[in-house]
file entry_37.json (JSON, C-alpha atoms)
[["chain", "number", "residue", "atom", "x", "y", "z"],
["A", 1, "MET", "CA", 0.00, 0.00, 0.00],
["A", 2, "MET", "CA", 2.79, 2.42, 0.95],
["A", 3, "ARG", "CA", 4.67, 1.65, -2.28],
["A", 4, "ALA", "CA", 1.56, 2.29, -4.35],
["A", 5, "LEU", "CA", 0.98, 5.60, -2.56],
["A", 6, "ALA", "CA", 4.60, 6.61, -3.13],
["A", 7, "LEU", "CA", 4.31, 5.87, -6.83],
["A", 8, "LEU", "CA", 1.13, 7.91, -7.11],
["A", 9, "LEU", "CA", 2.70, 10.84, -5.29],
["A", 10, "ALA", "CA", 5.69, 10.61, -7.62],
["A", 11, "LEU", "CA", 3.32, 10.80, -10.56],
["A", 12, "VAL", "CA", 1.63, 13.92, -9.25],
["A", 13, "ALA", "CA", 4.94, 15.54, -8.30],
["A", 14, "GLY", "CA", 6.46, 14.97, -11.74],
["A", 15, "PRO", "CA", 7.90, 17.70, -14.02],
["A", 16, "ALA", "CA", 5.87, 20.39, -15.70],
["A", 17, "SER", "CA", 3.28, 18.78, -17.93],
["A", 18, "ALA", "CA", 3.60, 18.81, -21.71],
["A", 19, "VAL", "CA", -0.20, 18.67, -21.83],
["A", 20, "THR", "CA", -2.50, 21.65, -21.35],
["A", 21, "CYS", "CA", -5.42, 20.79, -19.06],
["A", 22, "ALA", "CA", -8.16, 23.12, -17.86],
["A", 23, "ASP", "CA", -11.47, 22.94, -16.06],
["A", 24, "ASP", "CA", -14.49, 24.24, -17.94],
["A", 25, "THR", "CA", -18.25, 24.65, -17.68],
["A", 26, "PHE", "CA", -20.97, 24.15, -20.28],
["A", 27, "GLU", "CA", -24.70, 24.50, -19.69],
["A", 28, "GLY", "CA", -24.23, 24.21, -15.95],
["A", 29, "HIS", "CA", -22.05, 21.10, -16.14],
["A", 30, "SER", "CA", -18.39, 20.77, -15.16],
["A", 31, "PHE", "CA", -15.79, 19.40, -17.58],
["A", 32, "THR", "CA", -12.03, 19.02, -17.71],
["A", 33, "ALA", "CA", -10.29, 19.08, -21.09],
["A", 34, "CYS", "CA", -6.67, 18.23, -21.88],
["A", 35, "THR", "CA", -5.07, 19.23, -25.20],
["A", 36, "VAL", "CA", -2.18, 17.28, -26.71],
["A", 37, "ASP", "CA", -0.10, 18.06, -29.80],
["A", 38, "ALA", "CA", 0.67, 14.60, -31.18],
["A", 39, "ALA", "CA", 3.33, 16.06, -33.46],
["A", 40, "THR", "CA", 5.49, 17.14, -30.53],
["A", 41, "GLU", "CA", 4.39, 14.92, -27.61],
["A", 42, "ASP", "CA", 4.67, 11.17, -27.10],
["A", 43, "LEU", "CA", 0.97, 10.28, -27.11],
["A", 44, "ARG", "CA", 0.36, 6.54, -27.06],
["A", 45, "LEU", "CA", -1.75, 3.66, -25.76],
["A", 46, "PHE", "CA", -0.97, 1.37, -22.83],
["A", 47, "HIS", "CA", -2.64, -1.86, -21.77],
["A", 48, "ARG", "CA", -0.27, -4.46, -20.33],
["A", 49, "ASN", "CA", 3.08, -4.47, -18.56],
["A", 50, "ALA", "CA", 6.18, -6.33, -19.71],
["A", 51, "ASP", "CA", 4.95, -9.51, -18.05],
["A", 52, "GLY", "CA", 1.60, -9.41, -19.85],
["A", 53, "GLY", "CA", -0.43, -8.26, -16.87],
["A", 54, "VAL", "CA", -3.11, -5.61, -17.39],
["A", 55, "LEU", "CA", -1.95, -2.25, -16.00],
["A", 56, "GLY", "CA", -5.41, -1.24, -14.82],
["A", 57, "GLY", "CA", -4.56, 2.17, -13.37],
["A", 58, "TRP", "CA", -2.15, 5.04, -12.83],
["A", 59, "THR", "CA", 0.14, 3.39, -10.28],
["A", 60, "ALA", "CA", 0.88, 0.41, -12.50],
["A", 61, "LEU", "CA", 1.25, 2.70, -15.51],
["A", 62, "GLY", "CA", 3.79, 4.83, -13.66],
["A", 63, "ALA", "CA", 5.68, 1.73, -12.54],
["A", 64, "SER", "CA", 5.90, 0.49, -16.13],
["A", 65, "VAL", "CA", 7.26, 3.67, -17.71],
["A", 66, "ALA", "CA", 8.83, 5.61, -14.77],
["A", 67, "PRO", "CA", 6.47, 7.61, -12.54],
["A", 68, "GLN", "CA", 7.89, 11.07, -13.27],
["A", 69, "SER", "CA", 7.51, 10.66, -17.03],
["A", 70, "VAL", "CA", 3.69, 10.40, -17.17],
["A", 71, "GLN", "CA", 2.25, 13.78, -18.15],
["A", 72, "PHE", "CA", -1.38, 12.78, -18.69],
["A", 73, "ALA", "CA", -3.50, 9.62, -18.76],
["A", 74, "MET", "CA", -7.12, 8.61, -19.28],
["A", 75, "ASN", "CA", -9.04, 5.38, -19.77],
["A", 76, "ALA", "CA", -9.21, 4.76, -23.51],
["A", 77, "GLY", "CA", -11.94, 2.40, -24.57],
["A", 78, "MET", "CA", -14.35, -0.33, -23.60],
["A", 79, "TYR", "CA", -13.27, -3.78, -22.51],
["A", 80, "HIS", "CA", -14.55, -7.24, -21.63],
["A", 81, "ASP", "CA", -14.67, -8.66, -18.10],
["A", 82, "ASP", "CA", -11.12, -9.96, -18.54],
["A", 83, "ARG", "CA", -10.19, -6.45, -19.76],
["A", 84, "ARG", "CA", -9.55, -7.39, -23.37],
["A", 85, "ALA", "CA", -10.47, -4.53, -25.69],
["A", 86, "VAL", "CA", -13.98, -4.81, -27.14],
["A", 87, "GLY", "CA", -13.01, -3.45, -30.57],
["A", 88, "LEU", "CA", -9.86, -2.78, -32.56],
["A", 89, "TYR", "CA", -6.77, -2.41, -30.42],
["A", 90, "ILE", "CA", -3.30, -1.78, -31.82],
["A", 91, "GLN", "CA", -0.27, -0.95, -29.70],
["A", 92, "ASN", "CA", 3.20, -0.34, -31.13],
["A", 93, "GLY", "CA", 2.02, -1.75, -34.45],
["A", 94, "VAL", "CA", 0.71, -5.01, -32.96],
["A", 95, "GLU", "CA", -3.01, -5.71, -33.34],
["A", 96, "THR", "CA", -4.45, -7.69, -30.42],
["A", 97, "ALA", "CA", -8.18, -7.19, -31.11],
["A", 98, "PRO", "CA", -9.94, -6.83, -34.49],
["A", 99, "LEU", "CA", -12.11, -4.05, -35.88],
["A", 100, "VAL", "CA", -15.83, -4.48, -35.16],
["A", 101, "THR", "CA", -18.23, -2.78, -37.59],
["A", 102, "ARG", "CA", -21.55, -4.49, -36.89],
["A", 103, "ALA", "CA", -24.33, -2.91, -34.85],
["A", 104, "GLY", "CA", -24.89, -4.43, -31.45],
["A", 105, "PRO", "CA", -26.07, -3.88, -27.90],
["A", 106, "GLY", "CA", -24.73, -1.17, -25.66],
["A", 107, "ASN", "CA", -22.97, 2.06, -26.45],
["A", 108, "PHE", "CA", -20.21, 0.43, -28.48],
["A", 109, "GLY", "CA", -22.72, -0.97, -30.97],
["A", 110, "LEU", "CA", -24.61, 2.30, -31.39],
["A", 111, "LEU", "CA", -23.38, 2.96, -34.92],
["A", 112, "PRO", "CA", -21.60, 4.89, -36.16],
["A", 113, "ASN", "CA", -18.75, 4.13, -33.81],
["A", 114, "GLY", "CA", -15.09, 4.91, -34.39],
["A", 115, "LEU", "CA", -11.52, 4.78, -33.26],
["A", 116, "LEU", "CA", -8.59, 6.92, -32.24],
["A", 117, "CYS", "CA", -5.65, 6.37, -34.60],
["A", 118, "LEU", "CA", -2.20, 7.50, -33.45],
["A", 119, "THR", "CA", 1.10, 7.68, -35.28],
["A", 120, "ASP", "CA", 4.41, 9.19, -34.20],
["A", 121, "ASP", "CA", 3.19, 12.64, -35.25],
["A", 122, "SER", "CA", -0.58, 12.49, -35.72],
["A", 123, "ALA", "CA", -3.87, 11.83, -33.96],
["A", 124, "ASN", "CA", -7.18, 11.27, -35.71],
["A", 125, "VAL", "CA", -10.65, 10.11, -34.71],
["A", 126, "ILE", "CA", -11.98, 8.05, -37.61],
["A", 127, "GLU", "CA", -15.42, 6.50, -38.10],
["A", 128, "SER", "CA", -15.10, 2.69, -38.21],
["A", 129, "LEU", "CA", -16.47, 2.07, -41.72],
["A", 130, "THR", "CA", -14.26, 4.84, -43.08],
["A", 131, "PHE", "CA", -11.29, 3.24, -41.37],
["A", 132, "GLU", "CA", -12.17, -0.16, -42.85],
["A", 133, "LEU", "CA", -12.38, 1.39, -46.32],
["A", 134, "THR", "CA", -9.28, 3.58, -46.21],
["A", 135, "LYS", "CA", -7.06, 1.42, -43.95],
["A", 136, "PRO", "CA", -4.80, 4.19, -42.62],
["A", 137, "ALA", "CA", -1.63, 3.07, -40.86],
["A", 138, "CYS", "CA", -1.90, 3.44, -37.07],
["A", 139, "ARG", "CA", 0.97, 2.80, -34.69],
["A", 140, "ASP", "CA", -1.65, 2.70, -31.91],
["A", 141, "ALA", "CA", -5.44, 2.51, -32.20],
["A", 142, "THR", "CA", -8.38, 1.99, -29.88],
["A", 143, "GLN", "CA", -11.99, 1.53, -31.00],
["A", 144, "SER", "CA", -15.02, 2.60, -29.02],
["A", 145, "GLY", "CA", -18.48, 3.99, -29.55],
["A", 146, "PRO", "CA", -20.55, 5.77, -30.28],
["A", 147, "MET", "CA", -19.02, 8.58, -32.25],
["A", 148, "LEU", "CA", -19.97, 11.86, -30.60],
["A", 149, "VAL", "CA", -19.31, 14.15, -33.58],
["A", 150, "ILE", "CA", -18.97, 13.02, -37.20],
["A", 151, "ASP", "CA", -17.66, 15.62, -39.66],
["A", 152, "GLY", "CA", -19.07, 18.43, -37.55],
["A", 153, "LYS", "CA", -22.47, 16.82, -36.89],
["A", 154, "LEU", "CA", -23.79, 15.14, -33.77],
["A", 155, "HIS", "CA", -24.44, 11.42, -33.78],
["A", 156, "PRO", "CA", -27.93, 11.10, -35.35],
["A", 157, "ARG", "CA", -29.35, 8.99, -32.53],
["A", 158, "PHE", "CA", -28.63, 11.33, -29.62],
["A", 159, "ILE", "CA", -31.69, 12.49, -27.67],
["A", 160, "PRO", "CA", -31.47, 16.04, -26.22],
["A", 161, "ASP", "CA", -33.50, 15.26, -23.09],
["A", 162, "SER", "CA", -32.26, 11.70, -22.56],
["A", 163, "PRO", "CA", -32.38, 10.68, -18.88],
["A", 164, "SER", "CA", -29.30, 8.46, -19.34],
["A", 165, "LEU", "CA", -26.86, 10.47, -17.25],
["A", 166, "HIS", "CA", -23.32, 9.35, -16.47],
["A", 167, "VAL", "CA", -19.84, 10.73, -15.96],
["A", 168, "ARG", "CA", -18.34, 10.31, -19.44],
["A", 169, "ASN", "CA", -15.01, 10.71, -21.17],
["A", 170, "GLY", "CA", -14.02, 11.00, -24.81],
["A", 171, "VAL", "CA", -11.57, 12.38, -27.34],
["A", 172, "GLY", "CA", -11.89, 14.78, -30.24],
["A", 173, "THR", "CA", -9.36, 15.62, -32.93],
["A", 174, "MET", "CA", -8.89, 18.73, -35.01],
["A", 175, "ALA", "CA", -8.68, 18.98, -38.80],
["A", 176, "ASP", "CA", -4.90, 19.52, -38.58],
["A", 177, "GLY", "CA", -4.52, 15.80, -37.85],
["A", 178, "GLN", "CA", -2.28, 16.36, -34.85],
["A", 179, "THR", "CA", -4.28, 18.10, -32.09],
["A", 180, "ALA", "CA", -6.21, 15.79, -29.78],
["A", 181, "ILE", "CA", -8.47, 17.03, -26.98],
["A", 182, "PHE", "CA", -9.44, 14.59, -24.24],
["A", 183, "ALA", "CA", -12.39, 15.56, -22.06],
["A", 184, "ILE", "CA", -14.18, 14.17, -19.04],
["A", 185, "SER", "CA", -17.42, 15.36, -17.50],
["A", 186, "ASN", "CA", -17.07, 15.94, -13.78],
["A", 187, "ASP", "CA", -20.77, 15.32, -13.23],
["A", 188, "ALA", "CA", -23.35, 13.17, -14.98],
["A", 189, "VAL", "CA", -24.37, 14.21, -18.51],
["A", 190, "ASN", "CA", -26.17, 12.57, -21.42],
["A", 191, "PHE", "CA", -24.68, 11.89, -24.85],
["A", 192, "ASP", "CA", -26.30, 14.92, -26.44],
["A", 193, "THR", "CA", -24.73, 17.33, -23.95],
["A", 194, "PHE", "CA", -21.36, 15.60, -24.14],
["A", 195, "GLY", "CA", -21.39, 15.61, -27.94],
["A", 196, "ARG", "CA", -22.33, 19.28, -28.11],
["A", 197, "TYR", "CA", -19.50, 20.12, -25.71],
["A", 198, "PHE", "CA", -17.04, 18.65, -28.22],
["A", 199, "ARG", "CA", -18.77, 20.21, -31.23],
["A", 200, "ASP", "CA", -19.66, 23.66, -29.91],
["A", 201, "VAL", "CA", -17.01, 24.36, -27.26],
["A", 202, "LEU", "CA", -13.93, 22.32, -28.17],
["A", 203, "LYS", "CA", -14.71, 22.70, -31.90],
["A", 204, "THR", "CA", -13.49, 19.22, -32.83],
["A", 205, "PRO", "CA", -14.96, 18.07, -36.17],
["A", 206, "ASN", "CA", -14.72, 14.43, -35.07],
["A", 207, "ALA", "CA", -15.06, 13.10, -31.54],
["A", 208, "LEU", "CA", -15.39, 9.67, -29.98],
["A", 209, "PHE", "CA", -16.96, 8.45, -26.74],
["A", 210, "LEU", "CA", -14.46, 6.38, -24.78],
["A", 211, "ASP", "CA", -16.51, 5.19, -21.81],
["A", 212, "GLY", "CA", -18.83, 6.19, -18.98],
["A", 213, "SER", "CA", -19.03, 5.60, -15.23],
["A", 214, "VAL", "CA", -15.50, 4.10, -15.13],
["A", 215, "SER", "CA", -14.15, 7.36, -16.60],
["A", 216, "ARG", "CA", -10.96, 8.50, -14.87],
["A", 217, "LEU", "CA", -8.35, 11.21, -15.47],
["A", 218, "TYR", "CA", -4.75, 11.61, -14.40],
["A", 219, "ALA", "CA", -3.67, 15.25, -14.89],
["A", 220, "PRO", "CA", -0.68, 16.34, -12.75],
["A", 221, "GLU", "CA", -1.01, 19.89, -14.08],
["A", 222, "LEU", "CA", -4.25, 20.04, -12.09],
["A", 223, "ASN", "CA", -2.93, 17.91, -9.22],
["A", 224, "ARG", "CA", -5.52, 15.35, -10.23],
["A", 225, "ALA", "CA", -5.22, 11.56, -10.05],
["A", 226, "ASP", "CA", -8.71, 10.09, -9.95],
["A", 227, "PHE", "CA", -9.09, 7.28, -7.44],
["A", 228, "GLY", "CA", -11.82, 4.70, -7.07],
["A", 229, "PHE", "CA", -11.14, 2.34, -9.95],
["A", 230, "ALA", "CA", -8.04, 0.22, -10.53],
["A", 231, "ALA", "CA", -9.41, -2.12, -13.18],
["A", 232, "LEU", "CA", -9.21, -0.12, -16.39],
["A", 233, "GLY", "CA", -8.59, -1.67, -19.78],
["A", 234, "PRO", "CA", -6.77, 0.39, -22.45],
["A", 235, "ILE", "CA", -5.21, 3.65, -21.26],
["A", 236, "VAL", "CA", -4.10, 6.60, -23.36],
["A", 237, "GLY", "CA", -1.30, 8.77, -22.07],
["A", 238, "VAL", "CA", 1.55, 11.16, -22.75],
["A", 239, "VAL", "CA", 5.05, 10.32, -21.51],
["A", 240, "GLN", "CA", 8.28, 12.29, -21.61]]

call {"tool": "encode", "arguments": {"input": "entry_37.json", "output": "structure tokens"}}
result
Amino acid sequence: MMRALALLLALVAGPASAVTCADDTFEGHSFTACTVDAATEDLRLFHRNADGGVLGGWTALGASVAPQSVQFAMNAGMYHDDRRAVGLYIQNGVETAPLVTRAGPGNFGLLPNGLLCLTDDSANVIESLTFELTKPACRDATQSGPMLVIDGKLHPRFIPDSPSLHVRNGVGTMADGQTAIFAISNDAVNFDTFGRYFRDVLKTPNALFLDGSVSRLYAPELNRADFGFAALGPIVGVVQ
């Protein structure tokens, strides 16, 4: 327990962050958004340690890459009970879960869904069928769903007054192909509100829902390391 606490404190006490994070409000709801330039920062996905064990949280992530090097982290997609990724998952060029394009139950199957595709100098949210058609090269990729914003438009099945309220997190990317903005709601919101936050406030032409309820953020710039869940699947982060 003491070692885990020490690692977490080392994470929070790390060097100045290369990621810009800020708290925000929209229609009476609280959000936190973190902006990353994929062309200059080492933005990548993490899932398992060198021994094959699932990282699951910030302490294990810090232990695997050096605590002081983690500048930002967030859960990055849905996963099965054994924490295998539900959809496409690529890390360092190795695909460990295939693309899923069929409709299905739950948020993931609420088409259109999509994925975050990362290279050494780019970050793009891409709708799944478009990805299947164009087959862009991704060093890292994580699939989730639904899409929040598709080419500047909200997902067509969002309901403005939906009573389905949860803490949610997601990612949007800009048209420059290198700026990624990761956001988490700090109180419960529905998909319509969350999607409009990306479209109308963050101005991302494409945005992807990553998950809800289990949503967690590690942002040392804000002295924030969300507790309460140590069983995450894929994680996205920036390391120096």

call {"tool": "residues_around", "arguments": {"input": "entry_37.json", "residues": "range 178-191 of chain A", "least_positions_apart": "2", "cutoff": "9 Å", "atoms": "only C-alpha atoms", "output": "PyMOL selection string"}}
result
chain A and resi 29-40+74+118+121-125+148+155+158-176+193-196+198+202+204+207+209+213+215-217

call {"tool": "closest_residue", "arguments": {"input": "entry_37.json", "among": "A:Arg224, A:His47, A:Arg199, A:His80", "to": "Met147 in chain A", "atoms": "only C-alpha atoms"}}
result
A:Arg199

call {"tool": "closest_residue", "arguments": {"input": "entry_37.json", "among": "A:Thr119, A:Arg157, A:Ala73, A:Leu88", "to": "Thr59 in chain A", "atoms": "all atoms listed in the file"}}
result
A:Ala73

call {"tool": "atom_distance", "arguments": {"input": "entry_37.json", "atom1": "CA of Arg44 in chain A", "atom2": "CA of Val149 in chain A"}}
result
22.1 Å

call {"tool": "residues_near_point", "arguments": {"input": "entry_37.json", "point": "(-9.8, 1.3, -31.9)", "cutoff": "10 Å", "atoms": "all atoms listed in the file", "output": "VMD selection string"}}
result
chain A and resid 76 to 78 85 to 90 95 97 to 100 113 to 118 125 to 128 131 138 140 to 145 210 234

call {"tool": "axis_aligned_box", "arguments": {"input": "entry_37.json", "around": "range 165-175 of chain A", "padding_each_side": "6 Å", "output": "AutoDock Vina command-line options"}}
result
--center_x -17.8 --center_y 14.2 --center_z -27.4 --size_x 30.2 --size_y 21.6 --size_z 34.8

call {"tool": "atom_distance", "arguments": {"input": "entry_37.json", "atom1": "CA of Asp23 in chain A", "atom2": "CA of Ala66 in chain A"}}
result
26.7 Å

call {"tool": "atom_distance", "arguments": {"input": "entry_37.json", "atom1": "CA of Tyr79 in chain A", "atom2": "CA of Leu129 in chain A"}}
result
20.3 Å

call {"tool": "closest_residue", "arguments": {"input": "entry_37.json", "among": "A:Val70, A:Gly57, A:Arg48, A:Cys21", "to": "Glu221 in chain A", "atoms": "only C-alpha atoms"}}
result
A:Cys21
